[in-house]
>>> print(open('work_6.cif').read())   # mmCIF, C-alpha atoms
data_run
loop_
_atom_site.group_PDB
_atom_site.id
_atom_site.type_symbol
_atom_site.label_atom_id
_atom_site.label_comp_id
_atom_site.auth_asym_id
_atom_site.auth_seq_id
_atom_site.Cartn_x
_atom_site.Cartn_y
_atom_site.Cartn_z
ATOM 1 C CA MET L 1 136.649 208.886 133.408
ATOM 2 C CA THR L 2 133.807 206.939 131.839
ATOM 3 C CA GLN L 3 135.624 203.641 132.383
ATOM 4 C CA PHE L 4 136.273 204.553 136.025
ATOM 5 C CA TRP L 5 132.577 205.387 136.541
ATOM 6 C CA ASN L 6 131.388 202.161 134.923
ATOM 7 C CA ARG L 7 133.686 200.142 137.169
ATOM 8 C CA PHE L 8 132.672 201.740 140.454
ATOM 9 C CA ARG L 9 129.080 202.647 139.658
ATOM 10 C CA ALA L 10 127.666 199.605 141.456
ATOM 11 C CA VAL L 11 129.794 200.326 144.533
ATOM 12 C CA PHE L 12 128.712 203.973 144.555
ATOM 13 C CA PHE L 13 125.022 203.198 144.338
ATOM 14 C CA GLY L 14 125.407 200.434 146.923
ATOM 15 C CA VAL L 15 126.968 202.841 149.421
ATOM 16 C CA LEU L 16 124.362 205.459 148.542
ATOM 17 C CA GLY L 17 121.588 202.946 149.207
ATOM 18 C CA VAL L 18 123.008 202.052 152.631
ATOM 19 C CA ALA L 19 123.326 205.750 153.497
ATOM 20 C CA ALA L 20 119.703 206.324 152.466
ATOM 21 C CA VAL L 21 118.498 203.476 154.684
ATOM 22 C CA VAL L 22 120.482 204.800 157.673
ATOM 23 C CA ALA L 23 119.228 208.364 157.105
ATOM 24 C CA THR L 24 115.619 207.160 156.814
ATOM 25 C CA TRP L 25 115.985 205.103 159.993
ATOM 26 C CA ASP L 26 117.340 207.980 162.081
ATOM 27 C CA LEU L 27 114.895 210.475 160.564
ATOM 28 C CA TYR L 28 111.950 208.273 161.496
ATOM 29 C CA LYS L 29 113.496 207.724 164.927
ATOM 30 C CA ALA L 30 113.669 211.499 165.451
ATOM 31 C CA LEU L 31 110.318 212.516 163.970
ATOM 32 C CA GLY L 32 108.108 209.434 164.173
ATOM 33 C CA PRO L 33 105.429 208.974 166.863
ATOM 34 C CA GLU L 34 106.463 207.094 169.981
ATOM 35 C CA GLN L 35 103.719 204.518 169.534
ATOM 36 C CA GLY L 36 104.553 203.983 165.869
ATOM 37 C CA VAL L 37 102.314 204.451 162.862
ATOM 38 C CA LEU L 38 98.922 202.779 163.274
ATOM 39 C CA VAL L 39 96.410 201.945 160.577
ATOM 40 C CA GLY L 40 93.312 201.132 162.543
ATOM 41 C CA ASP L 41 94.511 198.721 165.209
ATOM 42 C CA THR L 42 97.464 197.494 163.123
ATOM 43 C CA ARG L 43 100.937 198.945 163.699
ATOM 44 C CA VAL L 44 102.632 199.268 160.295
ATOM 45 C CA LEU L 45 105.754 201.088 161.503
ATOM 46 C CA PRO L 46 107.578 200.397 164.804
ATOM 47 C CA ARG L 47 107.574 202.464 167.961
ATOM 48 C CA THR L 48 110.344 205.037 168.265
ATOM 49 C CA THR L 49 111.041 204.699 171.973
ATOM 50 C CA GLU L 50 114.594 204.098 173.145
ATOM 51 C CA LEU L 51 113.848 200.471 174.039
ATOM 52 C CA ALA L 52 112.063 199.658 170.799
ATOM 53 C CA MET L 53 114.247 201.444 168.234
ATOM 54 C CA PRO L 54 117.892 202.322 168.894
ATOM 55 C CA HIS L 55 119.784 204.933 166.897
ATOM 56 C CA SER L 56 121.993 203.689 164.068
ATOM 57 C CA TRP L 57 125.156 204.895 165.808
ATOM 58 C CA GLU L 58 124.157 203.035 168.972
ATOM 59 C CA MET L 59 123.941 199.781 166.995
ATOM 60 C CA VAL L 60 127.395 200.388 165.503
ATOM 61 C CA GLN L 61 128.837 201.407 168.876
ATOM 62 C CA ARG L 62 127.490 198.202 170.434
ATOM 63 C CA PHE L 63 129.986 196.157 168.386
ATOM 64 C CA GLY L 64 132.847 197.530 170.490
ATOM 65 C CA GLU L 65 131.252 196.689 173.831
ATOM 66 C CA PRO L 66 131.437 193.362 175.720
ATOM 67 C CA VAL L 67 128.725 190.839 175.004
ATOM 68 C CA THR L 68 127.946 190.472 178.714
ATOM 69 C CA GLY L 69 129.015 192.105 181.934
ATOM 70 C CA LEU L 70 131.137 189.105 182.934
ATOM 71 C CA ALA L 71 134.871 189.589 183.302
ATOM 72 C CA GLY L 72 136.770 188.564 180.176
ATOM 73 C CA ALA L 73 133.678 188.498 177.971
ATOM 74 C CA PRO L 74 134.505 189.107 174.290
ATOM 75 C CA ASP L 75 133.188 192.201 172.578
ATOM 76 C CA ALA L 76 130.192 191.901 170.277
ATOM 77 C CA PHE L 77 132.289 192.246 167.117
ATOM 78 C CA GLU L 78 134.456 189.251 168.014
ATOM 79 C CA ALA L 79 131.454 187.130 168.977
ATOM 80 C CA VAL L 80 129.522 188.023 165.829
ATOM 81 C CA PHE L 81 132.582 187.438 163.641
ATOM 82 C CA GLU L 82 133.103 183.931 165.021
ATOM 83 C CA ALA L 83 129.413 183.105 164.639
ATOM 84 C CA SER L 84 129.432 184.525 161.104
ATOM 85 C CA MET L 85 132.351 182.338 160.087
ATOM 86 C CA PHE L 86 130.587 179.303 161.529
ATOM 87 C CA SER L 87 127.378 180.026 159.630
ATOM 88 C CA LEU L 88 129.276 180.938 156.467
ATOM 89 C CA GLY L 89 131.066 177.588 156.521
ATOM 90 C CA LEU L 90 127.791 175.690 156.802
ATOM 91 C CA ALA L 91 126.198 177.847 154.096
ATOM 92 C CA ALA L 92 129.171 177.201 151.799
ATOM 93 C CA ARG L 93 128.798 173.453 152.282
ATOM 94 C CA GLY L 94 125.110 173.708 151.530
ATOM 95 C CA TRP L 95 125.783 175.870 148.469
ATOM 96 C CA VAL L 96 128.213 173.343 147.006
ATOM 97 C CA ILE L 97 125.769 170.493 147.568
ATOM 98 C CA GLY L 98 122.899 172.542 146.162
ATOM 99 C CA VAL L 99 124.865 173.522 143.046
ATOM 100 C CA VAL L 100 125.848 169.914 142.349
ATOM 101 C CA VAL L 101 122.297 168.635 142.836
ATOM 102 C CA GLY L 102 120.781 171.508 140.854
ATOM 103 C CA MET L 103 123.172 171.062 137.928
ATOM 104 C CA LEU L 104 122.565 167.312 137.810
ATOM 105 C CA LEU L 105 118.811 167.843 137.785
ATOM 106 C CA ALA L 106 119.102 170.504 135.083
ATOM 107 C CA LEU L 107 121.259 168.236 132.909
ATOM 108 C CA LEU L 108 118.845 165.360 133.345
ATOM 109 C CA MET L 109 115.784 167.495 132.583
ATOM 110 C CA SER L 110 117.410 169.099 129.542
ATOM 111 C CA ARG L 111 118.406 165.690 128.196
ATOM 112 C CA LEU L 112 115.002 163.998 128.521
ATOM 113 C CA ARG L 113 111.790 165.953 128.089
ATOM 114 C CA ILE L 114 109.768 163.333 129.953
ATOM 115 C CA VAL L 115 112.050 163.759 132.967
ATOM 116 C CA GLU L 116 111.521 167.527 132.847
ATOM 117 C CA SER L 117 107.752 167.059 132.758
ATOM 118 C CA ALA L 118 107.932 164.668 135.707
ATOM 119 C CA LEU L 119 110.505 166.451 137.907
ATOM 120 C CA LEU L 120 110.077 170.183 137.348
ATOM 121 C CA PRO L 121 106.701 170.450 139.145
ATOM 122 C CA TRP L 122 108.172 168.632 142.146
ATOM 123 C CA VAL L 123 111.251 170.874 142.109
ATOM 124 C CA ILE L 124 108.973 173.915 142.271
ATOM 125 C CA LEU L 125 106.686 172.315 144.857
ATOM 126 C CA SER L 126 109.655 171.535 147.103
ATOM 127 C CA GLN L 127 110.136 175.241 147.831
ATOM 128 C CA THR L 128 106.671 175.562 149.342
ATOM 129 C CA VAL L 129 107.587 173.408 152.360
ATOM 130 C CA PRO L 130 108.444 175.680 155.344
ATOM 131 C CA LEU L 131 111.987 175.227 156.615
ATOM 132 C CA ILE L 132 110.981 175.539 160.238
ATOM 133 C CA ALA L 133 108.944 172.347 159.797
ATOM 134 C CA ILE L 134 111.398 170.309 157.728
ATOM 135 C CA ALA L 135 114.590 171.137 159.652
ATOM 136 C CA PRO L 136 113.771 169.000 162.730
ATOM 137 C CA LEU L 137 112.809 166.123 160.417
ATOM 138 C CA VAL L 138 116.135 166.307 158.598
ATOM 139 C CA ARG L 139 117.945 166.253 161.915
ATOM 140 C CA ARG L 140 115.969 163.234 163.146
ATOM 141 C CA TRP L 141 116.373 161.292 159.914
ATOM 142 C CA GLY L 142 120.045 162.170 159.724
ATOM 143 C CA SER L 143 120.698 160.998 163.276
ATOM 144 C CA GLU L 144 119.772 157.495 162.121
ATOM 145 C CA ILE L 145 122.447 157.519 159.406
ATOM 146 C CA GLU L 146 125.759 155.860 160.209
ATOM 147 C CA ILE L 147 128.281 155.180 157.454
ATOM 148 C CA GLY L 148 131.266 153.299 158.767
ATOM 149 C CA GLY L 149 132.472 155.300 161.729
ATOM 150 C CA TYR L 150 130.871 158.531 160.584
ATOM 151 C CA LEU L 151 127.946 159.840 162.609
ATOM 152 C CA TRP L 152 125.533 162.437 161.306
ATOM 153 C CA SER L 153 125.862 165.742 163.145
ATOM 154 C CA SER L 154 123.661 168.798 163.536
ATOM 155 C CA GLU L 155 126.064 170.692 161.283
ATOM 156 C CA ASP L 156 125.313 168.190 158.518
ATOM 157 C CA SER L 157 121.595 168.815 158.976
ATOM 158 C CA VAL L 158 122.095 172.570 158.645
ATOM 159 C CA ALA L 159 124.175 172.091 155.493
ATOM 160 C CA VAL L 160 121.440 169.900 153.967
ATOM 161 C CA ILE L 161 118.795 172.533 154.742
ATOM 162 C CA ALA L 162 120.983 175.195 153.144
ATOM 163 C CA ALA L 163 121.371 172.940 150.089
ATOM 164 C CA TYR L 164 117.605 172.445 150.022
ATOM 165 C CA LEU L 165 117.144 176.152 149.357
ATOM 166 C CA ALA L 166 120.202 176.516 147.128
ATOM 167 C CA PHE L 167 119.476 173.787 144.589
ATOM 168 C CA PHE L 168 116.216 175.305 143.327
ATOM 169 C CA PRO L 169 117.503 178.478 141.598
ATOM 170 C CA VAL L 170 120.435 176.516 140.160
ATOM 171 C CA ALA L 171 118.188 173.814 138.719
ATOM 172 C CA VAL L 172 115.768 176.308 137.166
ATOM 173 C CA GLY L 173 118.419 178.757 135.947
ATOM 174 C CA ALA L 174 120.680 176.064 134.522
ATOM 175 C CA LEU L 175 117.756 174.367 132.788
ATOM 176 C CA ARG L 176 116.759 177.604 131.119
ATOM 177 C CA GLY L 177 120.365 178.252 130.136
ATOM 178 C CA LEU L 178 120.914 174.782 128.722
ATOM 179 C CA LYS L 179 117.818 175.216 126.555
ATOM 180 C CA SER L 180 118.778 178.740 125.444
ATOM 181 C CA PRO L 181 120.917 177.998 122.301
ATOM 182 C CA ASP L 182 119.267 178.893 119.019
ATOM 183 C CA LYS L 183 117.654 176.042 117.148
ATOM 184 C CA THR L 184 119.864 176.813 114.149
ATOM 185 C CA HIS L 185 122.995 176.259 116.234
ATOM 186 C CA LEU L 186 121.672 172.946 117.518
ATOM 187 C CA ASP L 187 120.720 171.879 113.993
ATOM 188 C CA LEU L 188 124.223 172.761 112.824
ATOM 189 C CA MET L 189 125.712 170.557 115.526
ATOM 190 C CA ARG L 190 123.483 167.671 114.458
ATOM 191 C CA SER L 191 124.363 168.146 110.807
ATOM 192 C CA TYR L 192 128.045 167.784 111.695
ATOM 193 C CA GLY L 193 127.286 164.623 113.635
ATOM 194 C CA VAL L 194 128.262 166.145 116.991
ATOM 195 C CA GLY L 195 126.989 164.076 119.918
ATOM 196 C CA TRP L 196 124.942 165.313 122.846
ATOM 197 C CA TRP L 197 127.845 165.441 125.302
ATOM 198 C CA ARG L 198 130.098 167.438 122.990
ATOM 199 C CA THR L 199 127.219 169.782 122.183
ATOM 200 C CA LEU L 200 126.732 170.193 125.920
ATOM 201 C CA LEU L 201 130.361 171.148 126.498
ATOM 202 C CA THR L 202 130.846 173.384 123.478
ATOM 203 C CA LEU L 203 127.437 175.022 123.095
ATOM 204 C CA ARG L 204 124.891 174.436 125.853
ATOM 205 C CA LEU L 205 127.100 175.041 128.899
ATOM 206 C CA PRO L 206 128.718 178.233 127.537
ATOM 207 C CA SER L 207 125.274 179.500 126.512
ATOM 208 C CA SER L 208 123.930 178.841 130.020
ATOM 209 C CA ILE L 209 126.444 181.108 131.798
ATOM 210 C CA PRO L 210 124.333 184.320 131.560
ATOM 211 C CA TYR L 211 121.466 182.410 133.192
ATOM 212 C CA LEU L 212 123.588 180.424 135.621
ATOM 213 C CA LEU L 213 125.474 183.278 137.274
ATOM 214 C CA PRO L 214 122.353 185.007 138.679
ATOM 215 C CA ALA L 215 121.104 181.584 139.780
ATOM 216 C CA LEU L 216 124.374 180.916 141.618
ATOM 217 C CA ARG L 217 124.165 184.302 143.321
ATOM 218 C CA LEU L 218 120.587 183.645 144.406
ATOM 219 C CA ALA L 219 121.602 180.171 145.572
ATOM 220 C CA ALA L 220 124.367 181.677 147.722
ATOM 221 C CA ALA L 221 121.923 184.064 149.406
ATOM 222 C CA SER L 222 119.404 181.243 149.846
ATOM 223 C CA ALA L 223 122.072 179.013 151.407
ATOM 224 C CA VAL L 224 122.851 181.705 153.984
ATOM 225 C CA ILE L 225 119.160 182.103 154.811
ATOM 226 C CA GLY L 226 118.729 178.339 155.019
ATOM 227 C CA ALA L 227 121.724 177.949 157.327
ATOM 228 C CA VAL L 228 120.569 180.680 159.734
ATOM 229 C CA VAL L 229 116.959 179.454 159.828
ATOM 230 C CA ALA L 230 118.074 175.840 160.273
ATOM 231 C CA GLU L 231 120.305 176.830 163.184
ATOM 232 C CA VAL L 232 117.276 178.393 164.851
ATOM 233 C CA SER L 233 115.008 175.406 164.157
ATOM 234 C CA ILE L 234 117.539 172.793 165.232
ATOM 235 C CA GLY L 235 118.962 174.806 168.109
ATOM 236 C CA LEU L 236 122.551 174.511 166.899
ATOM 237 C CA LYS L 237 124.938 176.646 168.924
ATOM 238 C CA GLY L 238 127.868 178.571 167.501
ATOM 239 C CA GLY L 239 126.156 180.265 164.560
ATOM 240 C CA LEU L 240 124.197 183.413 163.857
ATOM 241 C CA GLY L 241 120.815 181.694 164.112
ATOM 242 C CA ARG L 242 121.177 180.783 167.775
ATOM 243 C CA MET L 243 122.856 184.125 168.480
ATOM 244 C CA VAL L 244 119.826 185.998 167.136
ATOM 245 C CA ILE L 245 117.604 184.133 169.598
ATOM 246 C CA ASP L 246 119.984 184.577 172.530
ATOM 247 C CA TYR L 247 120.526 188.280 171.906
ATOM 248 C CA ALA L 248 116.816 188.920 171.406
ATOM 249 C CA VAL L 249 116.287 188.026 175.072
ATOM 250 C CA ALA L 250 118.347 191.094 176.014
ATOM 251 C CA ALA L 251 116.349 193.451 173.789
ATOM 252 C CA SER L 252 114.355 194.956 176.660
ATOM 253 C CA GLY L 253 117.464 196.167 178.482
ATOM 254 C CA ASP L 254 119.924 196.457 175.588
ATOM 255 C CA PRO L 255 117.971 197.277 172.406
ATOM 256 C CA ALA L 256 121.058 197.642 170.221
ATOM 257 C CA LYS L 257 122.408 194.184 171.046
ATOM 258 C CA PRO L 258 119.982 192.058 168.943
ATOM 259 C CA TRP L 259 121.010 193.976 165.829
ATOM 260 C CA ALA L 260 124.606 192.755 166.019
ATOM 261 C CA PRO L 261 123.922 189.213 164.704
ATOM 262 C CA ILE L 262 121.463 190.647 162.154
ATOM 263 C CA PHE L 263 124.242 192.787 160.723
ATOM 264 C CA GLY L 264 126.453 189.706 160.830
ATOM 265 C CA ALA L 265 123.937 187.789 158.714
ATOM 266 C CA VAL L 266 123.824 190.678 156.239
ATOM 267 C CA ALA L 267 127.630 190.654 156.047
ATOM 268 C CA VAL L 268 127.678 186.889 155.436
ATOM 269 C CA GLY L 269 125.170 187.323 152.629
ATOM 270 C CA LEU L 270 127.296 190.053 151.057
ATOM 271 C CA VAL L 271 130.413 187.897 151.276
ATOM 272 C CA ALA L 272 128.588 185.008 149.628
ATOM 273 C CA ALA L 273 127.280 187.237 146.838
ATOM 274 C CA GLY L 274 130.728 188.807 146.427
ATOM 275 C CA ALA L 275 132.322 185.395 145.988
ATOM 276 C CA ILE L 276 129.927 184.653 143.143
ATOM 277 C CA GLY L 277 130.775 188.073 141.711
ATOM 278 C CA LEU L 278 134.434 187.052 141.545
ATOM 279 C CA LEU L 279 133.376 183.885 139.743
ATOM 280 C CA GLY L 280 131.441 186.068 137.340
ATOM 281 C CA LEU L 281 134.596 188.032 136.535
ATOM 282 C CA ALA L 282 136.325 184.827 135.481
ATOM 283 C CA LEU L 283 133.365 183.937 133.270
ATOM 284 C CA ARG L 284 132.845 187.439 131.889
ATOM 285 C CA PRO L 285 133.539 186.416 128.240
ATOM 286 C CA PHE L 286 130.425 184.222 128.368
ATOM 287 C CA ARG L 287 128.058 186.640 130.114
ATOM 288 C CA LEU L 288 126.846 188.733 127.203
ATOM 289 C CA THR L 289 126.838 186.359 124.289
ATOM 290 C CA GLY L 290 126.942 182.907 125.808
ATOM 291 C CA VAL L 291 130.070 182.073 123.801
ATOM 292 C CA PRO L 292 133.664 183.016 124.606
ATOM 293 C CA SER L 293 135.041 186.122 122.932
ATOM 294 C CA ARG L 294 138.210 185.850 120.894
#
>>> encode(input="work_6.cif", output="structure tokens")
Amino acid sequence: MTQFWNRFRAVFFGVLGVAAVVATWDLYKALGPEQGVLVGDTRVLPRTTELAMPHSWEMVQRFGEPVTGLAGAPDAFEAVFEASMFSLGLAARGWVIGVVVGMLLALLMSRLRIVESALLPWVILSQTVPLIAIAPLVRRWGSEIEIGGYLWSSEDSVAVIAAYLAFFPVAVGALRGLKSPDKTHLDLMRSYGVGWWRTLLTLRLPSSIPYLLPALRLAAASAVIGAVVAEVSIGLKGGLGRMVIDYAVAASGDPAKPWAPIFGAVAVGLVAAGAIGLLGLALRPFRLTGVPSR
């Protein structure tokens, strides 16, 4: 019984958390003031009118209804699913690029202290640049790139923006992990004449897994956010970012509709985090001790 509880505890509390959010939403919808909660002239909680705040079951029910009133229009679930797969593909590309770049930076900074001193402040500073400002620049610069017969596309720009957010947690987490082995272990490697590369493969990389897995999970969530925001900034059609903008236009007459792509973005984030969770299962022997169990 204890083993069963330990295995499904996270799932139970996750479902319980979702149920609490839904119950709080509908309770505030039923009991909250129509004009929302005001502190002075500032509204801190939304209005509870039918146009401003739909019921939770209305948002779920909206998935089974057509997107528009046109004949043959797909239902919201189908439209959101296709957009989610589009955004997930771009986020996955960005995540892969971000992981590669982040790992290379972490290896370089862990190898040379002067490189760490020179690069780490810039790595941190890079995350202060707002995406909504840099996304159009990436698209413009990318449009001038032509390698052979390959032309830069808007999808490539979105993937680069997703990578821009994803590389940071990987670089920082991997750097901390690579520097985590005890000094005595490193001294033992040196006393045996083991080179830096072999020490990296047999000691530093295994020791970095407990630090790297949370970084990879954060990078996956950041890649999803970057992809959706970049789609909005660039105006790329087909993904959740543009769908959020398009559906928001209908909010005044169909208040439940704009929530469909928002739930799609949440689902994409959960899928991305779940994929990293599966990777964590494969690397479980390294998670607690940093070295494989026998």
>>> atom_distance(input="work_6.cif", atom1="CA of Val11 (chain L)", atom2="CA of Leu270 (chain L)")
12.4 Å
>>> atom_distance(input="work_6.cif", atom1="CA of Leu218 (chain L)", atom2="CA of Val266 (chain L)")
14.1 Å
>>> residues_around(input="work_6.cif", residues="region 250-265 of chain L", least_positions_apart="6", cutoff="12 Å", atoms="all atoms listed in the file", output="MDAnalysis selection string")
chainID L and resid 48:69 75:88 91 221:229 238:244 271:272
>>> atom_distance(input="work_6.cif", atom1="CA of Val129 (chain L)", atom2="CA of Leu236 (chain L)")
20.9 Å
>>> closest_residue(input="work_6.cif", among="L:Arg93, L:Lys179, L:Lys29, L:Arg43", to="Tyr164 (chain L)", atoms="all atoms listed in the file")
L:Arg93
>>> resolve_selection(input="work_6.cif", expression="the PyMOL selection byres ((chain L and resi 126) around 12)", output="PyMOL selection string")
chain L and resi 119-125+127-131+134+161+164-169
>>> write_last_selection(input="work_6.cif", atoms="C-alpha atoms", output="short mmCIF file (atom, residue, chain, number, x, y, z; two decimals), in the coordinates of the input")
data_model
loop_
_atom_site.label_atom_id
_atom_site.label_comp_id
_atom_site.auth_asym_id
_atom_site.auth_seq_id
_atom_site.Cartn_x
_atom_site.Cartn_y
_atom_site.Cartn_z
CA LEU L 119 110.50 166.45 137.91
CA LEU L 120 110.08 170.18 137.35
CA PRO L 121 106.70 170.45 139.15
CA TRP L 122 108.17 168.63 142.15
CA VAL L 123 111.25 170.87 142.11
CA ILE L 124 108.97 173.92 142.27
CA LEU L 125 106.69 172.32 144.86
CA GLN L 127 110.14 175.24 147.83
CA THR L 128 106.67 175.56 149.34
CA VAL L 129 107.59 173.41 152.36
CA PRO L 130 108.44 175.68 155.34
CA LEU L 131 111.99 175.23 156.62
CA ILE L 134 111.40 170.31 157.73
CA ILE L 161 118.80 172.53 154.74
CA TYR L 164 117.60 172.44 150.02
CA LEU L 165 117.14 176.15 149.36
CA ALA L 166 120.20 176.52 147.13
CA PHE L 167 119.48 173.79 144.59
CA PHE L 168 116.22 175.30 143.33
CA PRO L 169 117.50 178.48 141.60
#
>>> resolve_selection(input="work_6.cif", expression="the PyMOL selection byres ((chain L and resi 104-114) around 10)", output="ChimeraX atom specification")
/L:98-103,115-120,123,167-168,170-179,196-197,200,204-205
>>> write_last_selection(input="work_6.cif", atoms="C-alpha atoms", output="compact mmCIF listing (two decimals), in the frame of the given file")
# COMPACT_ATOMS: atom_id res chain seq x y z
CA GLY L 98 122.90 172.54 146.16
CA VAL L 99 124.86 173.52 143.05
CA VAL L 100 125.85 169.91 142.35
CA VAL L 101 122.30 168.64 142.84
CA GLY L 102 120.78 171.51 140.85
CA MET L 103 123.17 171.06 137.93
CA VAL L 115 112.05 163.76 132.97
CA GLU L 116 111.52 167.53 132.85
CA SER L 117 107.75 167.06 132.76
CA ALA L 118 107.93 164.67 135.71
CA LEU L 119 110.50 166.45 137.91
CA LEU L 120 110.08 170.18 137.35
CA VAL L 123 111.25 170.87 142.11
CA PHE L 167 119.48 173.79 144.59
CA PHE L 168 116.22 175.30 143.33
CA VAL L 170 120.44 176.52 140.16
CA ALA L 171 118.19 173.81 138.72
CA VAL L 172 115.77 176.31 137.17
CA GLY L 173 118.42 178.76 135.95
CA ALA L 174 120.68 176.06 134.52
CA LEU L 175 117.76 174.37 132.79
CA ARG L 176 116.76 177.60 131.12
CA GLY L 177 120.36 178.25 130.14
CA LEU L 178 120.91 174.78 128.72
CA LYS L 179 117.82 175.22 126.56
CA TRP L 196 124.94 165.31 122.85
CA TRP L 197 127.84 165.44 125.30
CA LEU L 200 126.73 170.19 125.92
CA ARG L 204 124.89 174.44 125.85
CA LEU L 205 127.10 175.04 128.90
>>> resolve_selection(input="work_6.cif", expression="the PyMOL selection byres ((chain L and resi 274) around 12)", output="list in words")
Val11, Leu213, Leu216, Arg217, Leu218, Ala220, Ala221, Ala267, Val268, Gly269, Leu270, Val271, Ala272, Ala273, Ala275, Ile276, Gly277, Leu278, Leu279, Gly280 and Leu281 of chain L
>>> closest_residue(input="work_6.cif", among="L:Ile147, L:Leu201, L:Met189, L:Leu90", to="Val160 (chain L)", atoms="only C-alpha atoms")
L:Leu90
>>> build_atoms(input="work_6.cif", residues="region 131-137 of chain L", atoms="all heavy atoms", output="PDB file, keeping the file's coordinate frame")
ATOM      1  N   LEU L 131     110.753 175.768 156.041  1.00  0.00           N
ATOM      2  CA  LEU L 131     111.987 175.227 156.615  1.00  0.00           C
ATOM      3  C   LEU L 131     111.840 174.902 158.089  1.00  0.00           C
ATOM      4  O   LEU L 131     112.423 173.936 158.585  1.00  0.00           O
ATOM      5  CB  LEU L 131     113.124 176.231 156.428  1.00  0.00           C
ATOM      6  CG  LEU L 131     113.664 176.414 155.020  1.00  0.00           C
ATOM      7  CD1 LEU L 131     114.870 177.347 155.053  1.00  0.00           C
ATOM      8  CD2 LEU L 131     114.054 175.091 154.406  1.00  0.00           C
ATOM      9  N   ILE L 132     111.092 175.739 158.792  1.00  0.00           N
ATOM     10  CA  ILE L 132     110.981 175.539 160.238  1.00  0.00           C
ATOM     11  C   ILE L 132     110.313 174.207 160.567  1.00  0.00           C
ATOM     12  O   ILE L 132     110.451 173.678 161.668  1.00  0.00           O
ATOM     13  CB  ILE L 132     110.210 176.712 160.873  1.00  0.00           C
ATOM     14  CG1 ILE L 132     110.501 176.782 162.368  1.00  0.00           C
ATOM     15  CG2 ILE L 132     108.727 176.602 160.585  1.00  0.00           C
ATOM     16  CD1 ILE L 132     110.092 178.066 163.006  1.00  0.00           C
ATOM     17  N   ALA L 133     109.587 173.644 159.588  1.00  0.00           N
ATOM     18  CA  ALA L 133     108.944 172.347 159.797  1.00  0.00           C
ATOM     19  C   ALA L 133     109.844 171.203 159.357  1.00  0.00           C
ATOM     20  O   ALA L 133     109.863 170.138 159.984  1.00  0.00           O
ATOM     21  CB  ALA L 133     107.620 172.295 159.032  1.00  0.00           C
ATOM     22  N   ILE L 134     110.611 171.409 158.286  1.00  0.00           N
ATOM     23  CA  ILE L 134     111.398 170.309 157.728  1.00  0.00           C
ATOM     24  C   ILE L 134     112.745 170.148 158.426  1.00  0.00           C
ATOM     25  O   ILE L 134     113.313 169.053 158.444  1.00  0.00           O
ATOM     26  CB  ILE L 134     111.608 170.507 156.216  1.00  0.00           C
ATOM     27  CG1 ILE L 134     112.036 169.183 155.583  1.00  0.00           C
ATOM     28  CG2 ILE L 134     112.632 171.581 155.923  1.00  0.00           C
ATOM     29  CD1 ILE L 134     112.135 169.245 154.071  1.00  0.00           C
ATOM     30  N   ALA L 135     113.269 171.220 159.027  1.00  0.00           N
ATOM     31  CA  ALA L 135     114.590 171.137 159.652  1.00  0.00           C
ATOM     32  C   ALA L 135     114.656 170.088 160.760  1.00  0.00           C
ATOM     33  O   ALA L 135     115.598 169.275 160.791  1.00  0.00           O
ATOM     34  CB  ALA L 135     115.014 172.509 160.166  1.00  0.00           C
ATOM     35  N   PRO L 136     113.706 170.051 161.705  1.00  0.00           N
ATOM     36  CA  PRO L 136     113.771 169.000 162.730  1.00  0.00           C
ATOM     37  C   PRO L 136     113.669 167.592 162.145  1.00  0.00           C
ATOM     38  O   PRO L 136     114.277 166.648 162.671  1.00  0.00           O
ATOM     39  CB  PRO L 136     112.578 169.317 163.639  1.00  0.00           C
ATOM     40  CG  PRO L 136     112.280 170.752 163.408  1.00  0.00           C
ATOM     41  CD  PRO L 136     112.603 170.994 161.969  1.00  0.00           C
ATOM     42  N   LEU L 137     112.915 167.435 161.050  1.00  0.00           N
ATOM     43  CA  LEU L 137     112.809 166.123 160.417  1.00  0.00           C
ATOM     44  C   LEU L 137     114.142 165.690 159.817  1.00  0.00           C
ATOM     45  O   LEU L 137     114.536 164.529 159.933  1.00  0.00           O
ATOM     46  CB  LEU L 137     111.729 166.157 159.329  1.00  0.00           C
ATOM     47  CG  LEU L 137     110.292 166.401 159.802  1.00  0.00           C
ATOM     48  CD1 LEU L 137     109.351 166.473 158.607  1.00  0.00           C
ATOM     49  CD2 LEU L 137     109.851 165.295 160.756  1.00  0.00           C
TER      50      LEU L 137
END
